[in-house]
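One structure is given below, encoded as structure tokens.
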Amino acid sequence: MSSTFFGLNIAYTGLTAANAGLNTTANNISNVNTEGYSRQTVTQQASNALRTYTTYGCAGSGVDTIAIERQRDAFYDFKYWNNNAHLGEFQELEYYMKQIEDYFKDDTTVDGFATIFEKMYTTIEELKKNSGDSTTKEQFIGFAGNLTYYFNTMAANLERMQVDVNLEIKNKIEQINSYSQEIASLNKQINVIELTGARANELRDQRDLIIDKLSKIVDTTVDEQPVYDSNYPDRVTGATRYIVKIAGGQTLVDSSRYNELVCEARPNYENMNQSDAEGLYRIYWNDGREFSVYSNQIGGELRGLIEIRDGNNGENFKGTVADVSRNNEGKMTVTVDITADYLKSLSSCILPNNGGLITLGNKEYYFDSFDVTYDGDGNIKNYTFIISDDPNKNAQMPDSGRIGKDASVGYTVSYQGIPYYQEQLNEWVRIFAEAFNNVVTQDGSVDGYAQPADIVFTADEATDNTQRKFLDSRKKITDGTVISSNGDSYYYLTAKNFNVNKDMVDDPQKLATHTGETEGESKSDVVDDLLKLKTDTSMMSFRGCSAGDFLQCILADVALNAQSANILSESYANIAGSIDNQRLSISGVDSDEEALNLVQFQHSYNLASQMISVLTEVYDKLILDTGV
């Protein structure tokens, strides 16, 4: 049968249970504003009943306080982390697309392309009236300089942005590494505590808060598995194996072990695009494994930054290896056939000037330069890459086994990021400069001194103060014509080195306005052709538009991308708020609810205390007055 003091013990369990509830409520109230804190509750159950061997059989033995557990729903955590990756990506795209949009602005506050281009053509119209006037020619040269300066500035702005994005990528990688160390450390601490049977609630909250932050940087998934006793496979030890994977399943943390990511600046001979800033980081794991930074599953702010930094609209170089052989100089060459339309013209070429890495099948090789071969329609039919013979770059040369393999330079990044807009700038200046120069140097064209005309637009050399005059471009393109990337072709011209011929800046009379040495300056047929060039798409066409429609073409891309990023960022922000409210409804601390709990546990505590007082009087009566 039960003890005489059985009731006192029952009252005591109620007192301890109420005390645990009060302490838990106090903890919840104290952490009502603590970021990441999950509301905790006391889990109670009735104690096992005791057999009393009496007519009523068994008697309740009070209450057991099983655990103090946090209220958390893993389903809402998963939804929040998944949405967070999308939110981080589009917030980055929104921020940088707004900057690009500002760069291309043309309104009453900023003179953009349309304004500058129109002013230059106004002076050309003035030349029509007085083609021999030195002052008018000087004005034209000045406005032409403004046009080249505009493109120089745009290229510099985009390059600086690319450098900024590159540095932000490194900061994100450092944050990922920091979070991985913290998670691994927390995993170890949690297992030490929970092996004793307790629950490490606060440490679990800290870990989940880190996952919240990590999930915005990169796509993050979590898997927690119980650890079983090796001697007794059915026995759970209380420890868990907590695994964090990022970027589509790449393991970052496994229990107390973690992997680190490394950023390494690429040398300039490993650039993926012609106008890339120097020192862009490639990312890999500390054990040398590749980190799939161009995977569509990377997610988060990191994906948004990669898309801005390396987005080429999917227009990287790709083709099929047609031949592997040595040229007349004994250099190993790889000829690649191409089919993509954007690769059929050097004007839209984005291959790096200083060589780079070409992937042939599953192997990479360094190349120093390349040649292009034209067909009878004036289109490029194949590229021939001159493979570097530097043993520090290529330990092994490609062989005939590469024939038929896919060839590519860089990666396909479908977003229209900085490389895409750089390519658009480069393509326009190449097409326009070539068309403009062809007009002023047409057959019979002469300058103000009746001398053969010179070109107007040139490219500044990278190594000195000289300028390149594009001699290769004067070749007549026929079937089989070969032009080298190292030659004087318009491929060398970019928005960054676009400039006006220095000879004309020093002496504007060297600008040609008519043909025929004896015709007289009033003829101005060259000026007439220059005026036609502005709107005549048969003389110059950029994306199917005339020369003056450049801004509309670019702004259409910028506006569409900026609007898309803005809408999606706002949409995912709203979804994040909705999911977070759902999470808080379960795990958040409600002051009103805790106030009610406080009263409830206080009453329970008072009643248990009163029960003990009553039983104390009973036992006093029993012991002192009856002599039991």
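Ordering of the structure tokens sets the chain letters (A, B, ...); residue numbers start at 1 within each chain; ligands are numbered from 1 in the order shown.
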
Just want the 8 Å neighbourhood of range 319-325 of chain A, counted on only C-alpha atoms, with same-chain residues fewer than 4 positions away dropped. Output as a PDB file with C-alpha atoms, in the first residue's frame.
ATOM      1  CA  MET A 332      49.857  23.613 -81.709  1.00  0.00           C
ATOM      2  CA  THR A 333      46.489  24.839 -82.958  1.00  0.00           C
ATOM      3  CA  VAL A 334      42.904  23.786 -82.392  1.00  0.00           C
ATOM      4  CA  THR A 335      40.293  24.679 -85.008  1.00  0.00           C
ATOM      5  CA  VAL A 336      36.720  24.980 -83.737  1.00  0.00           C
ATOM      6  CA  ASP A 337      33.647  25.114 -85.962  1.00  0.00           C
ATOM      7  CA  ILE A 338      30.856  27.391 -84.721  1.00  0.00           C
ATOM      8  CA  THR A 339      27.143  27.692 -85.461  1.00  0.00           C
ATOM      9  CA  LEU A 360      38.070  20.683 -75.098  1.00  0.00           C
ATOM     10  CA  PRO A 398      45.864  18.460 -77.085  1.00  0.00           C
ATOM     11  CA  ASP A 399      45.890  15.643 -79.612  1.00  0.00           C
ATOM     12  CA  SER A 400      43.614  14.275 -82.311  1.00  0.00           C
ATOM     13  CA  ARG A 402      39.971  16.030 -78.980  1.00  0.00           C
ATOM     14  CA  ILE A 403      38.470  16.153 -82.490  1.00  0.00           C
ATOM     15  CA  GLY A 404      34.694  16.005 -82.339  1.00  0.00           C
ATOM     16  CA  LYS A 405      34.615  17.139 -78.696  1.00  0.00           C
ATOM     17  CA  ASP A 406      32.698  20.169 -77.495  1.00  0.00           C
ATOM     18  CA  ALA A 407      34.837  23.293 -77.121  1.00  0.00           C
ATOM     19  CA  SER A 408      34.057  26.275 -74.909  1.00  0.00           C
TER      20      SER A 408
END

Find the residues around range 132-143 of chain A up to 7 Å (only C-alpha atoms counted), leave out those fewer than 6 positions away in its own chain, and share them as a PDB file with C-alpha atoms, in the first residue's frame.
ATOM      1  CA  LYS A 119      25.173  67.108 -80.486  1.00  0.00           C
ATOM      2  CA  MET A 120      27.900  65.436 -82.550  1.00  0.00           C
ATOM      3  CA  THR A 123      28.015  69.735 -85.914  1.00  0.00           C
ATOM      4  CA  ILE A 124      28.055  67.368 -88.903  1.00  0.00           C
ATOM      5  CA  GLU A 126      26.900  72.450 -89.742  1.00  0.00           C
ATOM      6  CA  GLY A 448      41.512  69.862 -96.033  1.00  0.00           C
ATOM      7  CA  VAL A 505      42.615  66.550 -82.545  1.00  0.00           C
ATOM      8  CA  PRO A 508      41.045  69.452 -87.459  1.00  0.00           C
ATOM      9  CA  GLN A 509      41.735  70.305 -91.123  1.00  0.00           C
ATOM     10  CA  GLU A 521      35.170  71.722-100.403  1.00  0.00           C
TER      11      GLU A 521
END

What are the nearest atom pairs, with distances in Å to one decimal, for all residues of range 326-442 of chain A that come at most 12 Å from range 92-110 of chain A, using only C-alpha atoms, set out by chain and rising residue number as CSV?
residue,atom,partner,partner_atom,distance
A:Tyr415,CA,A:Leu93,CA,10.0
A:Gln416,CA,A:Met97,CA,9.9
A:Gly417,CA,A:Met97,CA,8.6
A:Ile418,CA,A:Ile100,CA,8.6
A:Tyr420,CA,A:Ile100,CA,11.8
A:Tyr421,CA,A:Ile100,CA,9.1
A:Gln422,CA,A:Ile100,CA,11.2
A:Leu425,CA,A:Phe104,CA,11.1

Keeping only N, CA and C atoms, write those residues as a PDB file, in the first residue's frame.
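Listed below is the output, part_36.pdb:
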ATOM      1  N   TYR A 415      22.092  35.136 -67.490  1.00  0.00           N
ATOM      2  CA  TYR A 415      21.645  36.478 -67.100  1.00  0.00           C
ATOM      3  C   TYR A 415      22.419  37.549 -67.866  1.00  0.00           C
ATOM      4  N   GLN A 416      21.766  38.697 -68.080  1.00  0.00           N
ATOM      5  CA  GLN A 416      22.421  39.826 -68.751  1.00  0.00           C
ATOM      6  C   GLN A 416      23.123  40.681 -67.697  1.00  0.00           C
ATOM      7  N   GLY A 417      24.350  40.291 -67.389  1.00  0.00           N
ATOM      8  CA  GLY A 417      25.132  40.974 -66.376  1.00  0.00           C
ATOM      9  C   GLY A 417      26.128  41.938 -66.986  1.00  0.00           C
ATOM     10  N   ILE A 418      27.139  42.285 -66.219  1.00  0.00           N
ATOM     11  CA  ILE A 418      28.132  43.275 -66.661  1.00  0.00           C
ATOM     12  C   ILE A 418      28.820  42.874 -67.962  1.00  0.00           C
ATOM     13  N   TYR A 420      27.715  41.254 -70.437  1.00  0.00           N
ATOM     14  CA  TYR A 420      26.768  41.451 -71.540  1.00  0.00           C
ATOM     15  C   TYR A 420      26.719  42.922 -71.949  1.00  0.00           C
ATOM     16  N   TYR A 421      26.613  43.819 -70.979  1.00  0.00           N
ATOM     17  CA  TYR A 421      26.533  45.245 -71.313  1.00  0.00           C
ATOM     18  C   TYR A 421      27.871  45.766 -71.831  1.00  0.00           C
ATOM     19  N   GLN A 422      28.970  45.208 -71.342  1.00  0.00           N
ATOM     20  CA  GLN A 422      30.270  45.566 -71.900  1.00  0.00           C
ATOM     21  C   GLN A 422      30.346  45.148 -73.371  1.00  0.00           C
ATOM     22  N   LEU A 425      28.349  47.557 -75.541  1.00  0.00           N
ATOM     23  CA  LEU A 425      29.114  48.782 -75.778  1.00  0.00           C
ATOM     24  C   LEU A 425      30.189  48.551 -76.832  1.00  0.00           C
TER      25      LEU A 425
END

> DSSP says strand (DSSP E or B) for which residues of range 333-551 of chain A? Put them as a PyMOL selection string?
Replying inline: chain A and resi 333-337+356-360+363-374+380-387+406-409+416+445-446+452+457-460+467-468+482-484+498-500+514-515+542+545

Write a file of the selected residues as a compact mmCIF listing (two decimals), in the first residue's frame, keeping C-alpha atoms.
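New file part_11.txt:
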# COMPACT_ATOMS: atom_id res chain seq x y z
CA THR A 333 46.49 24.84 -82.96
CA VAL A 334 42.90 23.79 -82.39
CA THR A 335 40.29 24.68 -85.01
CA VAL A 336 36.72 24.98 -83.74
CA ASP A 337 33.65 25.11 -85.96
CA GLY A 356 42.63 32.30 -71.83
CA LEU A 357 41.40 28.81 -71.05
CA ILE A 358 39.61 26.70 -73.63
CA THR A 359 37.86 23.53 -72.59
CA LEU A 360 38.07 20.68 -75.10
CA LYS A 363 40.16 19.01 -70.42
CA GLU A 364 41.37 22.59 -70.20
CA TYR A 365 44.18 24.15 -72.22
CA TYR A 366 45.66 27.64 -72.27
CA PHE A 367 45.67 29.51 -75.56
CA ASP A 368 47.70 32.65 -76.39
CA SER A 369 45.65 34.04 -79.28
CA PHE A 370 43.26 33.00 -82.03
CA ASP A 371 42.57 33.49 -85.73
CA VAL A 372 39.21 33.63 -87.48
CA THR A 373 38.47 32.32 -90.96
CA TYR A 374 35.66 33.83 -93.04
CA ILE A 380 33.22 33.68 -89.54
CA LYS A 381 33.06 29.94 -90.13
CA ASN A 382 35.67 28.79 -87.60
CA TYR A 383 38.14 29.90 -84.96
CA THR A 384 41.69 28.59 -84.71
CA PHE A 385 43.21 28.81 -81.24
CA ILE A 386 46.99 28.94 -80.85
CA ILE A 387 47.72 26.77 -77.81
CA ASP A 406 32.70 20.17 -77.50
CA ALA A 407 34.84 23.29 -77.12
CA SER A 408 34.06 26.28 -74.91
CA VAL A 409 35.66 29.35 -73.37
CA GLN A 416 22.42 39.83 -68.75
CA SER A 445 38.27 61.11 -100.10
CA VAL A 446 40.71 63.87 -99.18
CA PRO A 452 44.36 61.08 -98.73
CA PHE A 457 38.00 56.81 -84.67
CA THR A 458 40.88 54.72 -83.34
CA ALA A 459 41.81 52.56 -80.37
CA ASP A 460 44.39 53.57 -77.78
CA GLN A 467 46.87 54.46 -81.42
CA ARG A 468 45.83 51.50 -83.56
CA VAL A 482 42.04 34.95 -92.02
CA ILE A 483 42.25 37.70 -89.41
CA SER A 484 44.28 37.35 -86.21
CA PHE A 498 37.70 54.01 -78.04
CA ASN A 499 39.17 57.39 -79.03
CA VAL A 500 39.48 60.06 -81.71
CA HIS A 514 34.49 65.46 -99.67
CA THR A 515 36.02 63.37 -102.42
CA PHE A 542 23.06 47.49 -84.45
CA CYS A 545 18.36 49.38 -85.42

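Closest approach to Ala20 in chain A from the set A:Asp528, A:Ser61, A:Ile68, A:Ala608 is made by A:Ile68, with distances taken over only C-alpha atoms.
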
> Any idea what's packed within 12 Å of Ser348 in chain A, counting only C-alpha atoms, ignoring anything in its chain fewer than 5 positions away? Could you give it as an MDAnalysis selection string?
Replying inline: chainID A and resid 273:274 312 315:317 340:343 379:380 419:431 490:494 542:543
